[in-house]
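Okay, structure first, notes after.
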Amino acid sequence: MDWPRNDLILIASADRNWGIGFKNKLLKRIPEDLKRFSQLTRGNMIVVGRKTLESFKDARPLPDRINVVLTRDKNYQCPGAVVVHNLEELMSTIADFKGDVYVCGGESVYRLLLDYCSQALITRIDAAFEADTHLPDFDRESQWVREEAGGWQESKVGVAFRYDTYRRCEG
Ligand SMILES: NC(=O)c1ccc[n+]([C@@H]2O[C@H](COP(=O)([O-])OP(=O)(O)OC[C@H]3O[C@@H](n4cnc5c(N)ncnc54)[C@H](OP(=O)(O)O)[C@@H]3O)[C@@H](O)[C@H]2O)c1
């Protein structure tokens with residue numbers, strides 16, 4: 001495996017303004033998207049920031065996948081997760097993992113790992129929410145190209161969403 005890995009997969013949902021969260025919560029819980037997230041990441045590895053991990057149900061790691069959590073706090077404990085303290089520790093933890101590594105946020109972790117991702121799976125939500133955390137605008141990032149735009153679907157919670165795929169361009 002190359003060091004560091006550069007085949008990570010970013011996965012996120014973003015509103016019209018690329019907002020992703022507010023007050024340490026998702027902007028909108030879309031059950032269809034959460035189910036897809038679960039199916040994709042199950043059996044693989046997810047990387048999250050400490051705040052995102054604490055936003056999960058009961059502040060516990062997600063089941064049936066390896067949860068890697070980033071924190072600068074050397075005393076931080078998180079039973080059921082692998083705790084790492086910087087990029088180097090993270091890269092050595094994921095180096096030999098044979099499955100897919102999903103970068104699952106929040107904002108600080110997306111920004112930290114963007115350059116190591118080869119693909120970004122973005123669920124676009126056709127709404128604008130108040131947000132305090134954002135993704136970069138992938139449509140304006142010169143290194144990224146939208147490879148696939150899904151068709152708009154209506155969620156049972158009353159918003160439209162679609163699945164877009166971006167890929168990092170070479171060079
Ligand atoms: N829409 C989506 O798809 C999606 C996905 C995930 C999260 N979110 C949302 O994003 C928001 C949270 O984002 P956020 O940026 O505030 O928090 P975050 O990225 O989840 O966590 C930030 C924390 O991660 C740790 N960290 C970050 N960079 C680090 C580094 N280089 N080395 C070591 N530790 C590092 C630090 O933990 P310590 O403070 O412990 O040192 C930092 O405070 C929430 O609203 C959440 O719901 C949205």
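Order determines the names: the first chain of the structure tokens is A, the second B, and so forth; residues in each chain are numbered 1 upward, and ligands are numbered 1 upward as they are shown.
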Please find the residues contacting ligand 1 at a distance of at most 6 Å between atoms, with only C-alpha atoms and all ligand atoms counted, and report them as a ChimeraX atom specification.
/A:12-14,20-26,48-52,70-73,85-87,104-109,133
Would you mind exporting N, CA and C atoms of the selected residues as a short mmCIF file (atom, residue, chain, number, x, y, z; two decimals), in the first residue's frame?
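Output file part-v7.cif is given in full below:
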```
data_model
loop_
_atom_site.label_atom_id
_atom_site.label_comp_id
_atom_site.auth_asym_id
_atom_site.auth_seq_id
_atom_site.Cartn_x
_atom_site.Cartn_y
_atom_site.Cartn_z
N ALA A 12 -20.67 12.49 2.46
CA ALA A 12 -21.30 13.58 3.21
C ALA A 12 -22.64 13.93 2.58
N SER A 13 -23.45 14.63 3.37
CA SER A 13 -24.64 15.25 2.79
C SER A 13 -24.47 16.75 2.93
N ALA A 14 -24.91 17.47 1.92
CA ALA A 14 -24.72 18.93 1.93
C ALA A 14 -25.94 19.61 1.33
N ILE A 20 -23.25 21.52 6.11
CA ILE A 20 -23.33 20.10 6.52
C ILE A 20 -23.85 19.91 7.94
N GLY A 21 -23.78 20.95 8.77
CA GLY A 21 -24.20 20.74 10.15
C GLY A 21 -24.52 22.04 10.85
N PHE A 22 -25.22 21.91 11.96
CA PHE A 22 -25.52 23.07 12.81
C PHE A 22 -25.63 22.58 14.25
N LYS A 23 -24.91 23.26 15.14
CA LYS A 23 -24.91 22.90 16.57
C LYS A 23 -24.66 21.41 16.80
N ASN A 24 -23.67 20.92 16.11
CA ASN A 24 -23.24 19.52 16.20
C ASN A 24 -24.32 18.50 15.85
N LYS A 25 -25.20 18.91 14.93
CA LYS A 25 -26.19 17.96 14.40
C LYS A 25 -26.18 18.05 12.89
N LEU A 26 -26.71 17.00 12.26
CA LEU A 26 -26.93 17.06 10.81
C LEU A 26 -27.99 18.10 10.52
N VAL A 48 -13.81 9.69 11.70
CA VAL A 48 -14.61 10.83 12.14
C VAL A 48 -13.84 11.68 13.14
N GLY A 49 -14.22 12.94 13.23
CA GLY A 49 -13.72 13.80 14.28
C GLY A 49 -14.45 13.50 15.59
N ARG A 50 -13.82 13.91 16.67
CA ARG A 50 -14.40 13.65 18.00
C ARG A 50 -15.82 14.22 18.12
N LYS A 51 -16.06 15.39 17.55
CA LYS A 51 -17.40 15.99 17.70
C LYS A 51 -18.45 15.20 16.94
N THR A 52 -18.09 14.73 15.78
CA THR A 52 -19.05 13.92 15.01
C THR A 52 -19.34 12.62 15.73
N LEU A 70 -10.61 10.95 15.56
CA LEU A 70 -9.50 11.91 15.73
C LEU A 70 -9.78 12.84 16.89
N THR A 71 -8.81 12.99 17.77
CA THR A 71 -8.87 13.97 18.86
C THR A 71 -7.44 14.35 19.21
N ARG A 72 -7.28 15.57 19.72
CA ARG A 72 -5.93 15.95 20.20
C ARG A 72 -5.76 15.61 21.67
N ASP A 73 -6.83 15.14 22.29
CA ASP A 73 -6.85 14.86 23.72
C ASP A 73 -6.25 13.47 23.98
N HIS A 85 -4.48 10.63 17.24
CA HIS A 85 -4.27 12.00 17.73
C HIS A 85 -3.72 12.98 16.70
N ASN A 86 -3.38 12.47 15.52
CA ASN A 86 -2.89 13.37 14.46
C ASN A 86 -2.92 12.60 13.14
N LEU A 87 -2.57 13.33 12.07
CA LEU A 87 -2.64 12.75 10.73
C LEU A 87 -1.72 11.55 10.59
N CYS A 104 -15.84 10.54 7.12
CA CYS A 104 -17.24 10.80 7.46
C CYS A 104 -17.44 12.09 8.24
N GLY A 105 -16.45 12.97 8.24
CA GLY A 105 -16.68 14.31 8.81
C GLY A 105 -16.30 14.40 10.27
N GLY A 106 -16.62 15.54 10.84
CA GLY A 106 -17.23 16.73 10.31
C GLY A 106 -16.29 17.61 9.48
N GLU A 107 -16.63 18.88 9.48
CA GLU A 107 -15.92 19.81 8.60
C GLU A 107 -14.41 19.72 8.75
N SER A 108 -13.92 19.72 10.01
CA SER A 108 -12.46 19.78 10.19
C SER A 108 -11.80 18.53 9.62
N VAL A 109 -12.48 17.40 9.71
CA VAL A 109 -11.89 16.14 9.23
C VAL A 109 -12.00 16.07 7.70
N THR A 133 -21.24 24.60 9.80
CA THR A 133 -20.14 23.81 9.26
C THR A 133 -20.44 23.52 7.79
#
```
Write out as a PyMOL selection string the residues lying within 6 Å of range 53-69 of chain A, counting only C-alpha atoms and excluding same-chain residues fewer than 4 positions away.
chain A and resi 42-49+81-83
Go ahead and save the residues from that selection, with C-alpha atoms, as a compact mmCIF listing (two decimals), in the first residue's frame.
```
# COMPACT_ATOMS: atom_id res chain seq x y z
CA ARG A 42 -20.70 -1.46 7.01
CA GLY A 43 -17.77 -3.87 7.11
CA ASN A 44 -15.38 -1.06 6.19
CA MET A 45 -13.62 1.70 8.12
CA ILE A 46 -14.96 5.14 8.96
CA VAL A 47 -12.90 8.13 10.09
CA VAL A 48 -14.61 10.83 12.14
CA GLY A 49 -13.72 13.80 14.28
CA ALA A 81 -13.33 2.96 18.55
CA VAL A 82 -9.69 3.37 17.58
CA VAL A 83 -8.52 6.75 18.91
```
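With distances restricted to only C-alpha atoms, A:Trp18 is the closest residue to Ile122 in chain A from A:Pro31, A:Glu141, A:Asn6, A:Trp18.
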Enumerate the residues of chain A with a DSSP assignment of strand (DSSP E), computed from the backbone, and present them as a ChimeraX atom specification.
/A:8-14,19-22,25-26,45-49,66-70,81-84,101-103,117-125,133-134,144-149,153-154,160-168
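Between CA of Ala128 in chain A and CA of Thr165 in chain A the separation is 20.3 Å.
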